[in-house]
$ cat start_29.cif   # mmCIF, C-alpha atoms and all ligand atoms
data_my_file
#
loop_
_atom_site.label_atom_id
_atom_site.label_comp_id
_atom_site.auth_asym_id
_atom_site.auth_seq_id
_atom_site.Cartn_x
_atom_site.Cartn_y
_atom_site.Cartn_z
CA MET A 1 28.64 121.48 5.73
CA ALA A 2 30.91 122.52 8.61
CA LYS A 3 34.45 123.35 7.63
CA LYS A 4 37.09 120.71 8.29
CA LEU A 5 39.28 121.78 11.15
CA ILE A 6 42.95 121.01 10.58
CA ILE A 7 45.10 121.74 13.62
CA ALA A 8 48.89 121.71 13.58
CA ASN A 9 50.20 120.85 17.03
CA TRP A 10 53.84 121.88 17.00
CA LYS A 11 54.34 120.80 20.61
CA MET A 12 57.75 121.93 21.97
CA ASN A 13 59.50 121.60 18.65
CA LEU A 14 60.21 124.95 17.07
CA SER A 15 61.88 128.06 18.43
CA PRO A 16 60.07 131.41 17.94
CA LYS A 17 62.37 132.20 14.99
CA ASP A 18 61.78 128.82 13.35
CA SER A 19 58.07 129.06 14.01
CA ALA A 20 57.83 132.49 12.37
CA SER A 21 59.76 131.36 9.34
CA ARG A 22 57.76 128.13 8.91
CA ILE A 23 54.38 129.80 9.25
CA LYS A 24 55.43 132.36 6.62
CA THR A 25 56.49 129.62 4.21
CA PHE A 26 53.30 127.68 4.87
CA ALA A 27 51.15 130.78 4.35
CA SER A 28 52.80 131.50 1.01
CA LEU A 29 52.35 127.88 -0.11
CA LEU A 30 48.63 128.16 0.61
CA LYS A 31 48.43 130.84 -2.09
CA ASN A 32 48.82 127.99 -4.62
CA LEU A 33 45.39 126.65 -3.73
CA PRO A 34 42.06 128.01 -5.01
CA GLN A 35 41.39 130.54 -2.27
CA LYS A 36 37.62 130.43 -2.23
CA ARG A 37 37.54 126.66 -2.08
CA LEU A 38 40.24 126.63 0.60
CA ARG A 39 38.28 129.05 2.79
CA ASN A 40 35.02 127.18 2.22
CA ILE A 41 36.40 123.76 3.04
CA ALA A 42 39.11 124.13 5.64
CA GLU A 43 39.82 125.98 8.84
CA ILE A 44 43.56 125.76 9.44
CA VAL A 45 45.22 126.52 12.71
CA VAL A 46 48.66 126.25 14.19
CA CYS A 47 49.47 125.66 17.87
CA PRO A 48 53.02 126.88 18.47
CA SER A 49 54.79 126.95 21.83
CA PHE A 50 53.85 129.83 24.15
CA SER A 51 57.03 131.74 23.32
CA ALA A 52 56.14 131.68 19.62
CA LEU A 53 52.46 132.54 19.96
CA SER A 54 52.73 136.24 19.28
CA CYS A 55 55.00 135.98 16.25
CA VAL A 56 52.95 133.15 14.74
CA GLY A 57 49.77 135.05 15.61
CA SER A 58 50.94 138.18 13.80
CA VAL A 59 51.71 136.23 10.61
CA ALA A 60 48.38 134.40 10.93
CA VAL A 61 46.46 137.67 11.21
CA LYS A 62 48.00 138.84 7.93
CA THR A 63 46.42 135.85 6.15
CA GLY A 64 43.01 137.42 6.75
CA GLY A 65 41.69 134.56 8.82
CA LEU A 66 43.01 131.80 6.56
CA ILE A 67 45.28 130.56 9.35
CA GLY A 68 44.50 130.90 13.03
CA SER A 69 46.67 130.36 16.07
CA PHE A 70 45.67 128.17 19.02
CA ALA A 71 47.48 127.50 22.28
CA GLN A 72 48.64 124.09 23.45
CA ASP A 73 47.62 124.46 27.08
CA PHE A 74 46.79 126.87 29.93
CA LEU A 75 45.85 126.83 33.60
CA TRP A 76 42.27 127.06 34.85
CA SER A 77 42.84 130.00 37.17
CA GLN A 78 42.95 133.45 35.62
CA GLU A 79 45.84 134.95 37.54
CA GLY A 80 47.90 134.40 40.66
CA ALA A 81 50.68 132.39 42.29
CA SER A 82 51.18 129.69 39.63
CA THR A 83 54.81 129.87 38.56
CA GLY A 84 55.39 128.78 34.99
CA GLU A 85 51.73 128.55 34.06
CA GLU A 86 49.77 130.40 31.39
CA SER A 87 46.39 132.07 31.81
CA ALA A 88 43.51 131.84 29.36
CA VAL A 89 42.97 135.57 29.86
CA TYR A 90 46.49 136.31 28.61
CA LEU A 91 46.04 133.98 25.66
CA LYS A 92 42.83 135.72 24.71
CA GLU A 93 44.72 139.01 24.63
CA LEU A 94 47.05 137.44 22.05
CA GLY A 95 44.07 136.65 19.82
CA VAL A 96 43.95 132.95 20.67
CA LYS A 97 40.47 131.54 20.11
CA TYR A 98 40.90 127.85 20.92
CA VAL A 99 43.11 126.06 23.43
CA ILE A 100 43.99 122.38 23.68
CA ALA A 101 42.99 120.76 26.95
CA GLY A 102 44.02 117.32 28.17
CA HIS A 103 46.52 116.31 25.51
CA SER A 104 47.76 112.81 26.39
CA GLU A 105 51.33 114.08 26.77
CA ARG A 106 50.14 116.36 29.56
CA ARG A 107 48.08 113.60 31.10
CA MET A 108 51.12 111.27 30.96
CA TYR A 109 54.02 113.55 31.88
CA MET A 110 52.36 116.32 33.92
CA GLY A 111 49.84 114.18 35.78
CA GLU A 112 46.85 115.95 34.31
CA THR A 113 43.65 114.21 35.43
CA ASP A 114 40.11 114.14 34.03
CA VAL A 115 39.06 116.50 36.83
CA MET A 116 41.79 118.99 35.87
CA VAL A 117 40.73 118.81 32.23
CA GLY A 118 37.14 119.52 33.31
CA LYS A 119 38.35 122.60 35.22
CA LYS A 120 40.22 123.81 32.15
CA VAL A 121 37.15 123.41 29.94
CA GLU A 122 35.10 125.38 32.43
CA ALA A 123 37.74 128.12 32.63
CA ILE A 124 38.03 128.47 28.89
CA LEU A 125 34.28 128.53 28.24
CA SER A 126 33.70 131.03 31.04
CA ASN A 127 36.16 133.24 29.26
CA GLY A 128 34.15 135.01 26.59
CA SER A 129 35.02 134.05 23.10
CA MET A 130 37.40 131.13 23.62
CA ALA A 131 36.79 127.42 23.03
CA PRO A 132 38.48 124.16 24.05
CA VAL A 133 39.91 121.33 21.97
CA ILE A 134 39.45 118.44 24.39
CA CYS A 135 41.76 115.48 23.77
CA VAL A 136 40.61 112.00 24.71
CA GLY A 137 41.93 108.54 23.87
CA GLU A 138 42.97 105.20 25.24
CA LYS A 139 46.46 103.84 25.89
CA LYS A 140 47.77 100.71 24.15
CA ASP A 141 46.89 98.38 27.03
CA GLU A 142 43.40 99.86 27.23
CA ARG A 143 42.42 98.73 23.72
CA VAL A 144 41.00 95.41 24.90
CA GLY A 145 37.29 94.61 25.02
CA THR A 146 35.09 97.43 26.23
CA ILE A 147 37.82 99.14 28.28
CA ARG A 148 38.67 101.58 25.49
CA LYS A 149 35.11 102.87 25.28
CA ARG A 150 34.81 103.12 29.05
CA ILE A 151 38.00 105.20 29.24
CA VAL A 152 37.01 107.53 26.42
CA ARG A 153 33.50 107.89 27.81
CA SER A 154 34.69 108.82 31.28
CA GLN A 155 37.23 111.31 29.86
CA ILE A 156 34.45 112.97 27.87
CA ILE A 157 31.85 113.01 30.64
CA SER A 158 34.30 114.57 33.04
CA ALA A 159 35.50 117.14 30.51
CA ILE A 160 32.02 118.29 29.50
CA SER A 161 30.48 118.64 32.96
CA PHE A 162 30.46 122.46 32.67
CA ILE A 163 28.98 122.32 29.17
CA ARG A 164 26.28 120.02 30.51
CA ARG A 165 25.42 122.43 33.30
CA GLN A 166 25.53 125.64 31.25
CA ARG A 167 24.59 124.57 27.71
CA GLN A 168 26.34 127.64 26.39
CA LYS A 169 25.83 128.29 22.73
CA ARG A 170 29.54 128.04 22.07
CA PRO A 171 31.65 125.72 19.95
CA PHE A 172 33.90 123.04 21.35
CA VAL A 173 36.01 120.31 19.83
CA ILE A 174 36.71 116.73 20.85
CA ALA A 175 39.92 115.25 19.44
CA TYR A 176 40.01 111.47 19.56
CA GLU A 177 43.70 110.69 19.85
CA PRO A 178 44.49 107.09 20.76
CA VAL A 179 47.71 107.37 22.76
CA TRP A 180 49.31 104.39 20.99
CA ALA A 181 48.92 106.19 17.64
CA ILE A 182 50.64 109.43 18.66
CA GLY A 183 54.06 109.85 17.11
CA THR A 184 54.31 106.12 16.29
CA GLY A 185 53.53 106.18 12.57
CA ILE A 186 50.71 103.69 13.29
CA ALA A 187 47.40 105.46 12.82
CA CYS A 188 44.01 104.13 13.83
CA THR A 189 42.30 102.36 10.93
CA PRO A 190 39.57 104.45 9.31
CA VAL A 191 37.02 101.74 10.18
CA ASP A 192 38.01 101.81 13.83
CA CYS A 193 38.07 105.59 13.78
CA ALA A 194 34.56 105.69 12.31
CA ARG A 195 33.37 103.41 15.13
CA MET A 196 34.91 105.68 17.75
CA TYR A 197 33.49 108.77 16.03
CA ALA A 198 30.01 107.22 16.27
CA PHE A 199 30.60 106.22 19.88
CA ILE A 200 31.82 109.71 20.84
CA LYS A 201 28.92 111.33 19.05
CA LYS A 202 26.45 109.08 20.85
CA THR A 203 28.11 109.71 24.22
CA LEU A 204 27.89 113.45 23.63
CA SER A 205 24.36 113.29 22.28
CA ASP A 206 23.14 111.27 25.28
CA ALA A 207 24.68 113.87 27.58
CA LEU A 208 23.89 117.08 25.71
CA GLY A 209 21.25 116.28 23.10
CA ALA A 210 21.89 115.41 19.46
CA GLN A 211 20.90 118.80 18.10
CA TYR A 212 23.19 120.67 20.46
CA VAL A 213 26.09 118.38 19.55
CA SER A 214 25.53 118.70 15.80
CA LYS A 215 25.48 122.46 16.10
CA TRP A 216 28.33 123.12 18.52
CA CYS A 217 30.77 120.23 18.47
CA ARG A 218 33.30 118.97 15.97
CA ILE A 219 35.02 115.62 16.47
CA LEU A 220 38.56 115.27 15.14
CA TYR A 221 41.00 112.41 14.79
CA GLY A 222 44.65 112.69 15.82
CA GLY A 223 47.55 110.22 15.91
CA SER A 224 50.08 109.75 13.10
CA VAL A 225 48.00 111.70 10.59
CA SER A 226 49.99 112.48 7.44
CA GLY A 227 49.51 113.46 3.83
CA MET A 228 49.30 109.73 3.08
CA ASN A 229 46.26 109.03 5.25
CA ILE A 230 44.50 112.39 5.75
CA LYS A 231 41.89 111.56 3.10
CA ASP A 232 40.94 108.37 4.97
CA PHE A 233 40.03 110.42 8.02
CA VAL A 234 38.90 113.81 6.84
CA VAL A 235 37.73 113.64 3.25
CA SER A 236 35.85 110.36 3.75
CA GLY A 237 33.78 111.94 6.53
CA VAL A 238 35.18 109.70 9.28
CA SER A 239 35.95 112.86 11.28
CA ASP A 240 35.39 116.61 11.18
CA GLY A 241 39.09 117.32 10.93
CA ALA A 242 42.48 116.31 12.26
CA LEU A 243 44.97 117.15 14.97
CA VAL A 244 48.36 116.77 13.35
CA GLY A 245 51.70 116.61 15.17
CA GLY A 246 54.85 115.48 13.35
CA ALA A 247 53.48 115.96 9.83
CA SER A 248 52.72 119.61 10.53
CA LEU A 249 56.28 120.65 11.33
CA LEU A 250 57.56 120.95 7.77
CA PRO A 251 55.63 123.58 5.77
CA ARG A 252 55.65 121.63 2.52
CA GLU A 253 54.50 118.41 4.17
CA PHE A 254 51.71 120.21 6.00
CA PHE A 255 50.73 122.04 2.84
CA GLU A 256 50.45 118.72 0.96
CA LEU A 257 48.20 117.44 3.72
CA VAL A 258 45.95 120.50 3.49
CA ARG A 259 45.97 120.29 -0.31
CA LYS A 260 44.57 116.76 -0.11
CA VAL A 261 41.74 117.96 2.08
CA VAL A 262 40.89 120.84 -0.21
CA LEU A 263 41.30 119.38 -3.73
P1 LIG B 301 51.34 112.98 15.74
O1 LIG B 301 50.85 113.80 17.03
O2 LIG B 301 50.57 113.46 14.56
O3 LIG B 301 52.82 113.25 15.66
O4 LIG B 301 51.05 111.53 16.01
C1 LIG B 301 49.50 114.12 17.20
C2 LIG B 301 49.28 114.80 18.54
O5 LIG B 301 49.98 114.48 19.50
O6 LIG B 301 48.41 115.68 18.66
#
$ encode --input "start_29.cif" --output "C-alpha cells"
Amino acid sequence: MAKKLIIANWKMNLSPKDSASRIKTFASLLKNLPQKRLRNIAEIVVCPSFSALSCVGSVAVKTGGLIGSFAQDFLWSQEGASTGEESAVYLKELGVKYVIAGHSERRMYMGETDVMVGKKVEAILSNGSMAPVICVGEKKDERVGTIRKRIVRSQIISAISFIRRQRQKRPFVIAYEPVWAIGTGIACTPVDCARMYAFIKKTLSDALGAQYVSKWCRILYGGSVSGMNIKDFVVSGVSDGALVGGASLLPREFFELVRKVVL
C-alpha cells in the first residue's frame, strides 16, 4: 500500500521565525506516535513560504525523512530576467523534492492558466529528481451538471501533456481541491470526493494507461480538511492523502490530524 501523503500548505501565513518554531514543535509532537507505524503509513510534508524554506528544511532533515519540505510554487524557466520569481533549480538545491503547481489561489489572483501549469509540470519533471503536486478543481458556479468534470478534465489534460509525451518513470501528484471548499470550512462530501477520485483516475488512466497511473500517481483531496474529517478522506481510502491549509498552521492541530491517519 502506498503511503498516505499529508501536505501542509502554509501559504503566506508564517514568518521564517514562526515557521521554524512551529515545525520544531510539530516534529517533537510526532515523537508521541509509534515511529515505525508512522513511517509506514504516512509521508508528511510542509510547504512554507520561500523565505522559510531553508530553516524549515533544516529542521525537516533532522527528522531523518519523517518530515519533508515542499515549495508552494516556482517559475518554469530555470534562470533569467524574471524579477520576484523562484527557479526549480534553486529549490532543488534547498532539498525540495516536490513543488505545488496550479494552486487555485495562483490561478485566481496571479492569472495562472492551464497552459502555464503545463509548462511548470514540464519544467519540474525535466529537472532531475523533483515532482509536481498539480492542483485542479472547479469553482462554486462550475459545480452544475457536467461542467465540473469538464473543467477538471481539461485542467488535468493540459497539466499532464509533458507526462503523456515522455512517460517518465517519475512520481507526480494530483490534488483535487474544489475552489469553493478552500478556506470555507465546507469540505466536499466523502461520497462526492470518491466520485471525483474515480473520475480523475479514469481521466488519467485513459491518457496514460492504468498501470502507469497506479504506479506513479497519487490523488489527494484538499479543501477544508481538518482533524474532524481527515478520516473520511484519507483513512477510508477516498484519496491517497490530503492537502491541508488552515488546519496545518497550528502544530497541535496538525499533529491531531496526522495522529488520526496513523492510529
Ligand atoms: P484549506 O486550504 O485547508 O484551508 O481549505 C487548502 C489549500 O488551499 O490547499
$ residues_near_point --input "start_29.cif" --point "(26.7, 107.2, 27.1)" --cutoff "10 Å" --atoms "only C-alpha atoms" --output "JSON, numbers by chain"
{"A": [149, 150, 153, 154, 156, 157, 199, 200, 201, 202, 203, 204, 205, 206, 207]}
$ closest_residue --input "start_29.cif" --among "A:Ser77, A:Ser104, A:Asn40, A:Ser158" --to "Leu5 in chain A" --atoms "only C-alpha atoms"
A:Asn40
$ closest_residue --input "start_29.cif" --among "A:Ile7, A:Val152, A:Leu250, A:Met12" --to "Gly222 in chain A" --atoms "all atoms listed in the file"
A:Ile7
$ atom_distance --input "start_29.cif" --atom1 "CA of Gly137 in chain A" --atom2 "CA of Ile230 in chain A"
18.7 Å
$ residues_near_ligand --input "start_29.cif" --ligand "ligand LIG 301 (chain B)" --cutoff "9 Å" --atoms "all atoms listed in the file" --output "number ranges by chain"
A: 7-11, 103-105, 135, 175, 177, 179-187, 221-226, 242-248
$ write_last_selection --input "start_29.cif" --atoms "C-alpha atoms" --output "short mmCIF file (atom, residue, chain, number, x, y, z; two decimals), keeping the file's coordinate frame"
data_model
loop_
_atom_site.label_atom_id
_atom_site.label_comp_id
_atom_site.auth_asym_id
_atom_site.auth_seq_id
_atom_site.Cartn_x
_atom_site.Cartn_y
_atom_site.Cartn_z
CA ILE A 7 45.10 121.74 13.62
CA ALA A 8 48.89 121.71 13.58
CA ASN A 9 50.20 120.85 17.03
CA TRP A 10 53.84 121.88 17.00
CA LYS A 11 54.34 120.80 20.61
CA HIS A 103 46.52 116.31 25.51
CA SER A 104 47.76 112.81 26.39
CA GLU A 105 51.33 114.08 26.77
CA CYS A 135 41.76 115.48 23.77
CA ALA A 175 39.92 115.25 19.44
CA GLU A 177 43.70 110.69 19.85
CA VAL A 179 47.71 107.37 22.76
CA TRP A 180 49.31 104.39 20.99
CA ALA A 181 48.92 106.19 17.64
CA ILE A 182 50.64 109.43 18.66
CA GLY A 183 54.06 109.85 17.11
CA THR A 184 54.31 106.12 16.29
CA GLY A 185 53.53 106.18 12.57
CA ILE A 186 50.71 103.69 13.29
CA ALA A 187 47.40 105.46 12.82
CA TYR A 221 41.00 112.41 14.79
CA GLY A 222 44.65 112.69 15.82
CA GLY A 223 47.55 110.22 15.91
CA SER A 224 50.08 109.75 13.10
CA VAL A 225 48.00 111.70 10.59
CA SER A 226 49.99 112.48 7.44
CA ALA A 242 42.48 116.31 12.26
CA LEU A 243 44.97 117.15 14.97
CA VAL A 244 48.36 116.77 13.35
CA GLY A 245 51.70 116.61 15.17
CA GLY A 246 54.85 115.48 13.35
CA ALA A 247 53.48 115.96 9.83
CA SER A 248 52.72 119.61 10.53
#
$ residues_around --input "start_29.cif" --residues "range 81-98 of chain A" --least-positions-apart "4" --cutoff "8 Å" --atoms "all atoms listed in the file" --output "PyMOL selection string"
chain A and resi 53-54+57+68-71+73-77+123-124+127+129-133
$ write_last_selection --input "start_29.cif" --atoms "C-alpha atoms" --output "tab-separated table (two decimals), in the coordinates of the input"
chain	number	residue	atom	x	y	z
A	53	LEU	CA	52.46	132.54	19.96
A	54	SER	CA	52.73	136.24	19.28
A	57	GLY	CA	49.77	135.05	15.61
A	68	GLY	CA	44.50	130.90	13.03
A	69	SER	CA	46.67	130.36	16.07
A	70	PHE	CA	45.67	128.17	19.02
A	71	ALA	CA	47.48	127.50	22.28
A	73	ASP	CA	47.62	124.46	27.08
A	74	PHE	CA	46.79	126.87	29.93
A	75	LEU	CA	45.85	126.83	33.60
A	76	TRP	CA	42.27	127.06	34.85
A	77	SER	CA	42.84	130.00	37.17
A	123	ALA	CA	37.74	128.12	32.63
A	124	ILE	CA	38.03	128.47	28.89
A	127	ASN	CA	36.16	133.24	29.26
A	129	SER	CA	35.02	134.05	23.10
A	130	MET	CA	37.40	131.13	23.62
A	131	ALA	CA	36.79	127.42	23.03
A	132	PRO	CA	38.48	124.16	24.05
A	133	VAL	CA	39.91	121.33	21.97
$ residues_around --input "start_29.cif" --residues "Lys3 in chain A" --least-positions-apart "4" --cutoff "9 Å" --atoms "all atoms listed in the file" --output "MDAnalysis selection string"
chainID A and resid 39:43 240:241
$ closest_residue --input "start_29.cif" --among "A:Ile44, A:Ala52, A:Leu29, A:Val99" --to "Val261 in chain A" --atoms "all atoms listed in the file"
A:Ile44
$ closest_residue --input "start_29.cif" --among "A:Val45, A:Ser126, A:Val56, A:Leu30" --to "Lys17 in chain A" --atoms "all atoms listed in the file"
A:Val56
$ atom_distance --input "start_29.cif" --atom1 "CA of Val59 in chain A" --atom2 "CA of Ala20 in chain A"
7.4 Å
$ closest_residue --input "start_29.cif" --among "A:Leu249, A:Val191, A:Val258, A:Val115" --to "Ser15 in chain A" --atoms "only C-alpha atoms"
A:Leu249
$ closest_residue --input "start_29.cif" --among "A:Arg167, A:Gly128, A:Lys36, A:Gly237" --to "Gln211 in chain A" --atoms "only C-alpha atoms"
A:Arg167
$ atom_distance --input "start_29.cif" --atom1 "CA of Lys215 in chain A" --atom2 "CA of Val173 in chain A"
11.4 Å
$ residues_around --input "start_29.cif" --residues "Ile134 in chain A" --least-positions-apart "3" --cutoff "8 Å" --atoms "only C-alpha atoms" --output "JSON list (two decimals) with C-alpha atoms, keeping the file's coordinate frame"
[["chain", "number", "residue", "atom", "x", "y", "z"],
["A", 100, "ILE", "CA", 43.99, 122.38, 23.68],
["A", 101, "ALA", "CA", 42.99, 120.76, 26.95],
["A", 102, "GLY", "CA", 44.02, 117.32, 28.17],
["A", 103, "HIS", "CA", 46.52, 116.31, 25.51],
["A", 117, "VAL", "CA", 40.73, 118.81, 32.23],
["A", 121, "VAL", "CA", 37.15, 123.41, 29.94],
["A", 159, "ALA", "CA", 35.50, 117.14, 30.51],
["A", 172, "PHE", "CA", 33.90, 123.04, 21.35],
["A", 173, "VAL", "CA", 36.01, 120.31, 19.83],
["A", 174, "ILE", "CA", 36.71, 116.73, 20.85],
["A", 175, "ALA", "CA", 39.92, 115.25, 19.44]]
$ axis_aligned_box --input "start_29.cif" --around "range 235-245 of chain A" --padding-each-side "6 Å" --output "lines of an AutoDock Vina configuration file"
center_x = 42.7
center_y = 113.5
center_z = 9.2
size_x = 29.9
size_y = 19.6
size_z = 23.9
